[in-house]
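Peer 1: Dropping in upload_26.txt, with compact mmCIF, C-alpha atoms.
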```
# COMPACT_ATOMS: atom_id res chain seq x y z
CA MET A 1 -1.92 -13.71 19.32
CA LYS A 2 -4.70 -11.17 19.04
CA PHE A 3 -4.65 -8.68 16.16
CA ALA A 4 -6.76 -5.59 15.55
CA VAL A 5 -6.69 -4.91 11.80
CA ILE A 6 -7.81 -1.33 11.21
CA GLY A 7 -8.98 -1.01 7.62
CA GLY A 8 -9.56 -4.74 7.83
CA THR A 9 -12.38 -4.92 5.29
CA GLY A 10 -10.45 -3.51 2.30
CA LEU A 11 -8.41 -5.09 -0.49
CA ILE A 12 -5.36 -5.84 1.65
CA GLY A 13 -6.94 -5.81 5.11
CA SER A 14 -9.51 -8.51 4.42
CA GLN A 15 -6.77 -10.84 3.18
CA VAL A 16 -4.50 -10.04 6.14
CA VAL A 17 -7.35 -10.99 8.49
CA ARG A 18 -7.91 -14.22 6.56
CA ASP A 19 -4.20 -15.12 6.57
CA LEU A 20 -3.73 -14.44 10.29
CA ASN A 21 -6.82 -16.40 11.28
CA ALA A 22 -5.75 -19.29 9.02
CA ALA A 23 -2.44 -19.33 10.91
CA GLY A 24 -4.29 -19.84 14.19
CA HIS A 25 -4.33 -16.27 15.47
CA GLU A 26 -7.34 -14.14 16.37
CA ALA A 27 -7.55 -11.26 13.88
CA VAL A 28 -10.52 -8.91 14.05
CA PRO A 29 -11.30 -6.50 11.18
CA HIS A 30 -12.27 -2.92 12.00
CA SER A 31 -13.36 -0.15 9.65
CA GLN A 32 -15.93 2.60 9.33
CA SER A 33 -18.49 -0.08 8.48
CA THR A 34 -17.89 -1.69 11.88
CA GLY A 35 -18.08 1.64 13.75
CA VAL A 36 -14.40 2.58 13.91
CA ASP A 37 -13.32 6.01 12.63
CA VAL A 38 -9.62 6.84 12.75
CA ILE A 39 -10.23 10.56 12.17
CA SER A 40 -12.79 11.23 14.90
CA GLY A 41 -11.35 8.45 17.07
CA ARG A 42 -14.79 6.86 17.45
CA GLY A 43 -14.50 3.21 18.42
CA LEU A 44 -10.69 3.12 18.34
CA ASP A 45 -10.11 2.49 22.04
CA GLU A 46 -12.52 -0.43 22.00
CA ALA A 47 -11.09 -1.83 18.76
CA VAL A 48 -7.50 -2.05 19.99
CA ALA A 49 -8.14 -2.92 23.64
CA GLY A 50 -6.53 -6.25 24.46
CA ALA A 51 -4.79 -6.59 21.10
CA ASP A 52 -1.17 -7.69 21.01
CA VAL A 53 -0.67 -6.14 17.57
CA VAL A 54 -2.43 -3.40 15.62
CA VAL A 55 -2.19 -3.48 11.83
CA ASN A 56 -3.20 -0.13 10.34
CA LEU A 57 -4.28 -0.43 6.70
CA THR A 58 -6.56 2.60 6.53
CA ASN A 59 -6.07 4.90 3.57
CA SER A 60 -6.73 8.52 2.75
CA PRO A 61 -9.91 9.09 0.69
CA THR A 62 -7.95 11.49 -1.54
CA PHE A 63 -4.45 11.55 -3.03
CA ASP A 64 -4.02 15.33 -2.85
CA GLU A 65 -2.64 17.59 -0.13
CA ALA A 66 -5.53 16.63 2.18
CA SER A 67 -3.94 13.19 2.54
CA LEU A 68 -1.27 14.72 4.79
CA ALA A 69 -3.89 15.76 7.34
CA PHE A 70 -5.56 12.35 7.10
CA PHE A 71 -2.41 10.42 7.97
CA ARG A 72 -1.33 12.87 10.66
CA THR A 73 -4.67 12.74 12.48
CA SER A 74 -5.27 9.02 12.00
CA MET A 75 -1.82 8.04 13.25
CA ASP A 76 -2.00 10.36 16.26
CA ASN A 77 -5.39 8.88 17.22
CA LEU A 78 -4.31 5.31 16.59
CA LEU A 79 -1.08 5.54 18.57
CA ALA A 80 -2.87 7.18 21.50
CA ALA A 81 -5.45 4.38 21.55
CA ALA A 82 -2.77 1.69 21.14
CA ARG A 83 -0.69 3.05 24.00
CA LYS A 84 -3.76 3.20 26.23
CA GLY A 85 -4.67 -0.36 25.27
CA GLY A 86 -1.24 -1.86 25.96
CA VAL A 87 -0.52 -2.76 22.33
CA ARG A 88 3.02 -4.10 21.84
CA HIS A 89 3.48 -3.77 18.04
CA VAL A 90 2.00 -1.49 15.37
CA VAL A 91 2.33 -2.30 11.66
CA ILE A 92 1.60 -0.09 8.65
CA LEU A 93 1.78 -0.58 4.89
CA SER A 94 3.64 2.00 2.82
CA ILE A 95 5.16 2.36 -0.66
CA VAL A 96 8.61 1.46 -1.98
CA GLY A 97 10.33 4.71 -2.96
CA ALA A 98 7.78 6.97 -1.28
CA ASP A 99 10.54 9.13 0.16
CA GLN A 100 12.03 9.62 -3.31
CA VAL A 101 8.97 11.30 -4.87
CA PRO A 102 8.30 14.43 -2.78
CA GLU A 103 6.54 15.99 -5.79
CA LEU A 104 3.52 13.77 -5.08
CA ASP A 105 1.38 14.88 -2.12
CA TYR A 106 0.22 11.35 -1.37
CA TYR A 107 3.76 9.98 -1.24
CA ARG A 108 4.79 12.78 1.11
CA ALA A 109 1.78 11.87 3.23
CA LYS A 110 2.85 8.22 3.44
CA VAL A 111 6.34 9.30 4.54
CA LEU A 112 4.72 11.48 7.21
CA GLN A 113 2.76 8.43 8.38
CA GLU A 114 5.99 6.43 8.59
CA ASP A 115 7.74 9.20 10.51
CA ILE A 116 4.93 9.54 13.06
CA LEU A 117 4.98 5.79 13.68
CA ALA A 118 8.76 5.64 14.02
CA ALA A 119 8.77 8.55 16.48
CA GLY A 120 5.95 7.07 18.54
CA PRO A 121 6.03 5.15 21.82
CA ILE A 122 5.29 1.64 20.52
CA PRO A 123 7.57 -0.86 18.73
CA TYR A 124 6.68 -0.85 15.05
CA SER A 125 7.12 -2.33 11.60
CA ILE A 126 6.75 -0.65 8.21
CA VAL A 127 6.12 -2.83 5.16
CA ARG A 128 6.81 -0.96 1.93
CA ALA A 129 5.34 -2.57 -1.19
CA THR A 130 5.80 -1.82 -4.86
CA GLN A 131 2.77 -0.96 -7.02
CA PHE A 132 -0.20 -3.33 -6.80
CA MET A 133 -1.16 -5.29 -9.91
CA GLU A 134 -4.78 -4.53 -8.99
CA PHE A 135 -4.20 -0.80 -9.58
CA MET A 136 -3.36 -1.21 -13.25
CA ASP A 137 -6.96 -0.84 -14.42
CA ALA A 138 -7.21 2.51 -12.65
CA VAL A 139 -3.88 3.68 -14.11
CA LEU A 140 -5.21 2.95 -17.61
CA THR A 141 -8.15 5.32 -17.05
CA TRP A 142 -6.17 8.36 -15.92
CA THR A 143 -4.91 9.52 -19.32
CA ALA A 144 -7.18 7.62 -21.72
CA ASP A 145 -9.45 8.66 -24.53
CA ASP A 146 -11.42 6.67 -27.09
CA GLY A 147 -8.42 5.37 -29.00
CA THR A 148 -5.29 5.81 -26.90
CA VAL A 149 -3.84 5.56 -23.42
CA ARG A 150 -0.86 7.79 -22.65
CA LEU A 151 1.66 6.39 -20.17
CA PRO A 152 5.24 7.21 -19.20
CA ALA A 153 7.95 4.54 -19.32
CA THR A 154 8.40 4.67 -15.52
CA PRO A 155 9.85 1.37 -14.24
CA ILE A 156 7.23 -0.53 -12.21
CA GLN A 157 7.64 -3.76 -10.19
CA PRO A 158 4.03 -4.98 -9.88
CA ILE A 159 3.04 -7.12 -6.90
CA ALA A 160 -0.22 -9.02 -6.34
CA ALA A 161 -2.40 -7.89 -3.44
CA LYS A 162 -2.51 -11.43 -2.05
CA ASP A 163 1.30 -11.40 -1.83
CA VAL A 164 1.25 -8.01 -0.09
CA ALA A 165 -1.26 -9.33 2.45
CA ALA A 166 0.85 -12.42 3.11
CA ALA A 167 3.92 -10.27 3.73
CA VAL A 168 2.04 -7.93 6.07
CA ALA A 169 0.62 -10.87 8.02
CA GLU A 170 4.08 -12.42 8.33
CA VAL A 171 5.61 -9.20 9.66
CA ALA A 172 2.69 -8.60 12.03
CA ALA A 173 3.06 -12.07 13.56
CA GLY A 174 6.80 -11.63 14.08
CA PRO A 175 8.86 -9.40 16.34
CA PRO A 176 8.76 -5.65 15.59
CA LEU A 177 11.25 -4.62 12.93
CA ASN A 178 11.58 -1.09 14.30
CA GLY A 179 12.36 -0.33 10.68
CA ILE A 180 11.28 -0.99 7.10
CA ARG A 181 10.91 -4.16 5.02
CA ASN A 182 10.60 -3.70 1.24
CA ILE A 183 8.58 -6.20 -0.76
CA GLY A 184 8.12 -6.30 -4.53
CA GLY A 185 6.95 -8.33 -7.48
CA PRO A 186 9.34 -10.66 -9.29
CA GLU A 187 9.54 -8.59 -12.51
CA VAL A 188 10.12 -4.98 -13.56
CA PHE A 189 8.31 -3.43 -16.54
CA PRO A 190 8.21 0.05 -18.06
CA LEU A 191 4.72 1.31 -17.24
CA ASP A 192 3.86 1.88 -20.91
CA GLU A 193 4.80 -1.72 -21.73
CA LEU A 194 2.75 -2.97 -18.77
CA GLY A 195 -0.17 -1.03 -20.23
CA ARG A 196 0.26 -2.73 -23.61
CA ILE A 197 0.41 -6.18 -22.00
CA THR A 198 -2.73 -5.46 -19.98
CA LEU A 199 -4.76 -4.11 -22.92
CA ALA A 200 -3.70 -7.00 -25.15
CA HIS A 201 -4.81 -9.53 -22.54
CA LYS A 202 -8.21 -7.84 -22.27
CA GLY A 203 -8.63 -7.64 -26.02
CA ASP A 204 -8.78 -3.85 -25.72
CA PRO A 205 -7.91 -2.30 -29.10
CA ARG A 206 -6.64 1.01 -27.72
CA THR A 207 -3.03 2.00 -28.38
CA VAL A 208 -0.59 2.90 -25.63
CA VAL A 209 1.35 6.05 -26.49
CA THR A 210 4.55 6.63 -24.54
CA ASP A 211 4.28 10.07 -22.96
CA PRO A 212 6.75 11.08 -20.23
CA THR A 213 4.36 13.84 -19.06
CA ALA A 214 1.24 11.69 -18.65
CA GLY A 215 -0.41 10.89 -15.34
CA MET A 216 0.75 10.66 -11.74
CA PHE A 217 3.81 8.54 -12.49
CA ALA A 218 5.24 11.27 -14.71
CA ALA A 219 6.54 12.84 -11.49
CA VAL A 220 8.68 9.77 -10.77
CA LYS A 221 12.32 10.04 -11.77
CA GLY A 222 14.31 6.91 -12.59
CA ASP A 223 13.62 3.54 -11.01
CA VAL A 224 12.86 4.63 -7.43
CA LEU A 225 9.55 2.70 -7.37
CA THR A 226 11.46 -0.57 -7.77
CA ASP A 227 13.91 -2.36 -5.48
CA GLU A 228 16.06 -5.23 -6.70
CA ASN A 229 16.94 -6.01 -3.08
CA ALA A 230 13.32 -6.24 -1.89
CA ARG A 231 11.85 -9.53 -0.74
CA LEU A 232 10.37 -10.82 -3.98
CA ALA A 233 6.82 -12.15 -4.10
CA PRO A 234 6.05 -15.24 -6.22
CA THR A 235 3.20 -14.06 -8.46
CA ARG A 236 4.22 -12.99 -11.98
CA TYR A 237 2.08 -10.47 -13.85
CA ALA A 238 1.13 -12.84 -16.68
CA ASP A 239 -0.03 -15.44 -14.15
CA TRP A 240 -2.04 -12.82 -12.26
CA LEU A 241 -3.73 -11.67 -15.48
CA SER A 242 -4.74 -15.21 -16.35
```
As C-alpha cells, how would this structure be written, given the file I've shared?
Peer 2:
Amino acid sequence: MKFAVIGGTGLIGSQVVRDLNAAGHEAVPHSQSTGVDVISGRGLDEAVAGADVVVNLTNSPTFDEASLAFFRTSMDNLLAAARKGGVRHVVILSIVGADQVPELDYYRAKVLQEDILAAGPIPYSIVRATQFMEFMDAVLTWTADDGTVRLPATPIQPIAAKDVAAAVAEVAAGPPLNGIRNIGGPEVFPLDELGRITLAHKGDPRTVVTDPTAGMFAAVKGDVLTDENARLAPTRYADWLS
C-alpha cells in the first residue's frame, strides 16, 4: 500500500514512516520542510495523489485558542486534497480524554479535528493516545523555579512515542475504523509522583510540590486522561527512562 504521512518528519511521523516501510509498504513523509503546507494548501494535492491512505500527524504551533483555527483549516484542506486524489482512508492521532477537558483550548481543538474528519467524505480512523513519556521534560519546566517543581496529582498513563507510532501504523495499514481506538501506557501514575520519579532518575535535586492549581493539567478533573480499557502498550516508564 502507498501512504502519505503528513507531518512525517516529526517525533511520531518519522517513526510511523519507518514502521510502515519496514512492513513492506511505501510510506512517504511530507512536511513544511518538504514543501507541503496544510494551512495554505501548498503541495497537498501532489503529496496525497495516488496514496491509498493519508496519515495526518501535523500539529498546531500553539496550544491556545489559535489551535482551533489551525485544525479547522488544515483538516478542510487535507480532506479536499484527499478526496480529489482518490484516497480511501484518512488517519489522525488525538488524545485520550480530549472531549472531557473543554477548559483547555488545545483539547477542544483536537475534538474539532476529530469531528471534521468524522463528518467528512472519506473512511477514517482516529487513534487516541494517552500522554507521551517524551513530554515529561517539558511538563517539568512549566511550573519550575530554582528549587521546586509544582505539579498536580492528575492521573497520567504515560506511553512511549515508539509505541504510539506502532499503533498508528497498525491502524493505518488496516481497514478504516470509522471510529476511535484508544491506546495507553501499561501504568498509571499521579503526575506529581511521575515528576519525582523523573527527577530522581536524572539526579535532579529539585523537590516536587503537589499543587492542584499548577500548570495545564490543573484543568483536568479526575482520571479522564487515562483509560483502563485502552489497548495497552508494552513500554513501562522505568524501562523508558533507562
Peer 1: Please determine the residues with any atom at most 10 Å from (11.6, -6.4, -7.7) (coordinates as given in the file, with all atoms listed in the file counting) and report them as a PyMOL selection string.
Peer 2: chain A and resi 129-130+156-159+182-189+225-233
Peer 1: Which residues are close to Lys2 in chain A, i.e. within 12 Å by only C-alpha atoms, leaving aside same-chain residues fewer than 4 positions away? Reply as a list in words.
Peer 2: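 Close residues of Lys2 in chain A: Val17, Leu20, Asn21, Ala23, Gly24, His25, Glu26, Ala27, Val28, Pro29, Ala47, Val48, Ala49, Gly50, Ala51, Asp52, Val53, Val54, Val55, Val87, Arg88, His89, Ala172 and Ala173 of chain A.
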Peer 1: Please produce a file of the residues just selected, as a compact mmCIF listing (two decimals), in the frame of the given file, where the atoms kept are C-alpha atoms.
Peer 2:
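So the final result, stored in selection.txt, reads:
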```txt
# COMPACT_ATOMS: atom_id res chain seq x y z
CA VAL A 17 -7.35 -10.99 8.49
CA LEU A 20 -3.73 -14.44 10.29
CA ASN A 21 -6.82 -16.40 11.28
CA ALA A 23 -2.44 -19.33 10.91
CA GLY A 24 -4.29 -19.84 14.19
CA HIS A 25 -4.33 -16.27 15.47
CA GLU A 26 -7.34 -14.14 16.37
CA ALA A 27 -7.55 -11.26 13.88
CA VAL A 28 -10.52 -8.91 14.05
CA PRO A 29 -11.30 -6.50 11.18
CA ALA A 47 -11.09 -1.83 18.76
CA VAL A 48 -7.50 -2.05 19.99
CA ALA A 49 -8.14 -2.92 23.64
CA GLY A 50 -6.53 -6.25 24.46
CA ALA A 51 -4.79 -6.59 21.10
CA ASP A 52 -1.17 -7.69 21.01
CA VAL A 53 -0.67 -6.14 17.57
CA VAL A 54 -2.43 -3.40 15.62
CA VAL A 55 -2.19 -3.48 11.83
CA VAL A 87 -0.52 -2.76 22.33
CA ARG A 88 3.02 -4.10 21.84
CA HIS A 89 3.48 -3.77 18.04
CA ALA A 172 2.69 -8.60 12.03
CA ALA A 173 3.06 -12.07 13.56
```
Peer 1: With only C-alpha atoms as the atoms that count, which of A:Tyr237, A:Val90, A:Ala109, A:Asp115 lies nearest to Glu134 in chain A?
Peer 2: A:Tyr237
Peer 1: Please report the interatomic distance between CA of Gly8 in chain A and CA of Arg108 in chain A in Å with one decimal.
Peer 2: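 A separation of 23.6 Å between them.
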Peer 1: I need the residue nearest Leu93 in chain A from this list: A:Ala160, A:Val5, A:Ile180, A:Ile126. Use only C-alpha atoms for the distance.
Peer 2: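 Using only C-alpha atoms, Leu93 in chain A sits closest to A:Ile126.
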Peer 1: Of the residues A:Leu241, A:Leu194, A:Val96, A:Leu177, which is the one nearest to Leu140 in chain A, using only C-alpha atoms?
Peer 2: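 With only C-alpha atoms as the atom set, the closest residue is A:Leu194.
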Peer 1: Neighbours of Ala161 in chain A within 7 Å (all atoms listed in the file; same-chain residues fewer than 4 positions away dropped), as a list in words?
Peer 2: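 What passes the distance filter is Ile12, Phe132, Glu134 and Ala165 of chain A.
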Peer 1: CA of Phe217 in chain A to CA of Leu191 in chain A: how many Å, to one decimal?
Peer 2: 8.7 Å
Peer 1: Quick one, how far is CA of Val224 in chain A from CA of Asp145 in chain A?
Peer 2: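 Here the two named atoms are 28.4 Å from each other.
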Peer 1: If the box runs along x, y and z of the file and leaves 4 Å on each side of range 132-149 of chain A, what are its centre and edge lengths in Å, one decimal, as JSON?
Peer 2:
```
{"center_x": -5.8, "center_y": 2.1, "center_z": -17.9, "size_x": 19.2, "size_y": 22.8, "size_z": 30.2}
```
Peer 1: Smallest atom-to-atom distance to Ile92 in chain A: which of A:Ser33, A:Thr198, A:Thr58, A:Gln15, using all atoms listed in the file?
Peer 2: A:Thr58
Peer 1: Since the input is missing atoms for range 19-48 of chain A, could you rebuild it with N, CA and C atoms and give the result as a PDB file, in the frame of the given file?
Peer 2:
```pdb
ATOM      1  N   ASP A  19      -5.479 -14.423   6.424  1.00  0.00           N
ATOM      2  CA  ASP A  19      -4.200 -15.120   6.570  1.00  0.00           C
ATOM      3  C   ASP A  19      -3.846 -15.332   8.041  1.00  0.00           C
ATOM      4  N   LEU A  20      -4.058 -14.314   8.870  1.00  0.00           N
ATOM      5  CA  LEU A  20      -3.730 -14.440  10.290  1.00  0.00           C
ATOM      6  C   LEU A  20      -4.624 -15.456  10.979  1.00  0.00           C
ATOM      7  N   ASN A  21      -5.914 -15.431  10.665  1.00  0.00           N
ATOM      8  CA  ASN A  21      -6.820 -16.400  11.280  1.00  0.00           C
ATOM      9  C   ASN A  21      -6.500 -17.816  10.807  1.00  0.00           C
ATOM     10  N   ALA A  22      -6.111 -17.962   9.540  1.00  0.00           N
ATOM     11  CA  ALA A  22      -5.750 -19.290   9.020  1.00  0.00           C
ATOM     12  C   ALA A  22      -4.508 -19.831   9.713  1.00  0.00           C
ATOM     13  N   ALA A  23      -3.659 -18.925  10.208  1.00  0.00           N
ATOM     14  CA  ALA A  23      -2.440 -19.330  10.910  1.00  0.00           C
ATOM     15  C   ALA A  23      -2.690 -19.613  12.393  1.00  0.00           C
ATOM     16  N   GLY A  24      -3.950 -19.506  12.824  1.00  0.00           N
ATOM     17  CA  GLY A  24      -4.290 -19.840  14.190  1.00  0.00           C
ATOM     18  C   GLY A  24      -4.376 -18.670  15.153  1.00  0.00           C
ATOM     19  N   HIS A  25      -4.205 -17.460  14.635  1.00  0.00           N
ATOM     20  CA  HIS A  25      -4.330 -16.270  15.470  1.00  0.00           C
ATOM     21  C   HIS A  25      -5.782 -15.809  15.536  1.00  0.00           C
ATOM     22  N   GLU A  26      -6.020 -14.790  16.336  1.00  0.00           N
ATOM     23  CA  GLU A  26      -7.340 -14.140  16.370  1.00  0.00           C
ATOM     24  C   GLU A  26      -7.182 -12.739  15.785  1.00  0.00           C
ATOM     25  N   ALA A  27      -7.646 -12.563  14.562  1.00  0.00           N
ATOM     26  CA  ALA A  27      -7.550 -11.260  13.880  1.00  0.00           C
ATOM     27  C   ALA A  27      -8.957 -10.729  13.657  1.00  0.00           C
ATOM     28  N   VAL A  28      -9.194  -9.514  14.144  1.00  0.00           N
ATOM     29  CA  VAL A  28     -10.520  -8.910  14.050  1.00  0.00           C
ATOM     30  C   VAL A  28     -10.448  -7.701  13.127  1.00  0.00           C
ATOM     31  N   PRO A  29     -11.299  -7.660  12.082  1.00  0.00           N
ATOM     32  CA  PRO A  29     -11.300  -6.500  11.180  1.00  0.00           C
ATOM     33  C   PRO A  29     -12.106  -5.342  11.762  1.00  0.00           C
ATOM     34  N   HIS A  30     -11.571  -4.138  11.584  1.00  0.00           N
ATOM     35  CA  HIS A  30     -12.270  -2.920  12.000  1.00  0.00           C
ATOM     36  C   HIS A  30     -12.211  -1.906  10.866  1.00  0.00           C
ATOM     37  N   SER A  31     -13.290  -1.170  10.694  1.00  0.00           N
ATOM     38  CA  SER A  31     -13.360  -0.150   9.650  1.00  0.00           C
ATOM     39  C   SER A  31     -14.541   0.763   9.973  1.00  0.00           C
ATOM     40  N   GLN A  32     -14.768   1.740   9.125  1.00  0.00           N
ATOM     41  CA  GLN A  32     -15.930   2.600   9.330  1.00  0.00           C
ATOM     42  C   GLN A  32     -17.219   1.795   9.342  1.00  0.00           C
ATOM     43  N   SER A  33     -17.265   0.729   8.548  1.00  0.00           N
ATOM     44  CA  SER A  33     -18.490  -0.080   8.480  1.00  0.00           C
ATOM     45  C   SER A  33     -18.740  -0.855   9.766  1.00  0.00           C
ATOM     46  N   THR A  34     -17.706  -1.004  10.599  1.00  0.00           N
ATOM     47  CA  THR A  34     -17.890  -1.690  11.880  1.00  0.00           C
ATOM     48  C   THR A  34     -17.921  -0.687  13.046  1.00  0.00           C
ATOM     49  N   GLY A  35     -17.957   0.617  12.718  1.00  0.00           N
ATOM     50  CA  GLY A  35     -18.080   1.640  13.750  1.00  0.00           C
ATOM     51  C   GLY A  35     -16.787   2.232  14.244  1.00  0.00           C
ATOM     52  N   VAL A  36     -15.695   2.028  13.505  1.00  0.00           N
ATOM     53  CA  VAL A  36     -14.400   2.580  13.910  1.00  0.00           C
ATOM     54  C   VAL A  36     -13.989   3.676  12.929  1.00  0.00           C
ATOM     55  N   ASP A  37     -13.687   4.848  13.451  1.00  0.00           N
ATOM     56  CA  ASP A  37     -13.320   6.010  12.630  1.00  0.00           C
ATOM     57  C   ASP A  37     -11.984   6.549  13.131  1.00  0.00           C
ATOM     58  N   VAL A  38     -10.951   6.432  12.302  1.00  0.00           N
ATOM     59  CA  VAL A  38      -9.620   6.840  12.750  1.00  0.00           C
ATOM     60  C   VAL A  38      -9.447   8.355  12.797  1.00  0.00           C
ATOM     61  N   ILE A  39     -10.334   9.095  12.155  1.00  0.00           N
ATOM     62  CA  ILE A  39     -10.230  10.560  12.170  1.00  0.00           C
ATOM     63  C   ILE A  39     -10.899  11.155  13.401  1.00  0.00           C
ATOM     64  N   SER A  40     -12.120  10.743  13.695  1.00  0.00           N
ATOM     65  CA  SER A  40     -12.790  11.230  14.900  1.00  0.00           C
ATOM     66  C   SER A  40     -12.310  10.493  16.152  1.00  0.00           C
ATOM     67  N   GLY A  41     -11.753   9.290  15.942  1.00  0.00           N
ATOM     68  CA  GLY A  41     -11.350   8.450  17.070  1.00  0.00           C
ATOM     69  C   GLY A  41     -12.460   7.546  17.572  1.00  0.00           C
ATOM     70  N   ARG A  42     -13.640   7.645  16.987  1.00  0.00           N
ATOM     71  CA  ARG A  42     -14.790   6.860  17.450  1.00  0.00           C
ATOM     72  C   ARG A  42     -14.503   5.356  17.311  1.00  0.00           C
ATOM     73  N   GLY A  43     -14.647   4.652  18.426  1.00  0.00           N
ATOM     74  CA  GLY A  43     -14.500   3.210  18.420  1.00  0.00           C
ATOM     75  C   GLY A  43     -13.074   2.694  18.464  1.00  0.00           C
ATOM     76  N   LEU A  44     -12.086   3.582  18.400  1.00  0.00           N
ATOM     77  CA  LEU A  44     -10.690   3.120  18.340  1.00  0.00           C
ATOM     78  C   LEU A  44     -10.238   2.452  19.635  1.00  0.00           C
ATOM     79  N   ASP A  45     -10.555   3.066  20.768  1.00  0.00           N
ATOM     80  CA  ASP A  45     -10.110   2.490  22.040  1.00  0.00           C
ATOM     81  C   ASP A  45     -10.634   1.074  22.197  1.00  0.00           C
ATOM     82  N   GLU A  46     -11.900   0.891  21.866  1.00  0.00           N
ATOM     83  CA  GLU A  46     -12.520  -0.430  22.000  1.00  0.00           C
ATOM     84  C   GLU A  46     -11.919  -1.421  21.006  1.00  0.00           C
ATOM     85  N   ALA A  47     -11.600  -0.939  19.809  1.00  0.00           N
ATOM     86  CA  ALA A  47     -11.090  -1.830  18.760  1.00  0.00           C
ATOM     87  C   ALA A  47      -9.723  -2.407  19.122  1.00  0.00           C
ATOM     88  N   VAL A  48      -8.872  -1.603  19.736  1.00  0.00           N
ATOM     89  CA  VAL A  48      -7.500  -2.050  19.990  1.00  0.00           C
ATOM     90  C   VAL A  48      -7.299  -2.608  21.394  1.00  0.00           C
TER      91      VAL A  48
END
```
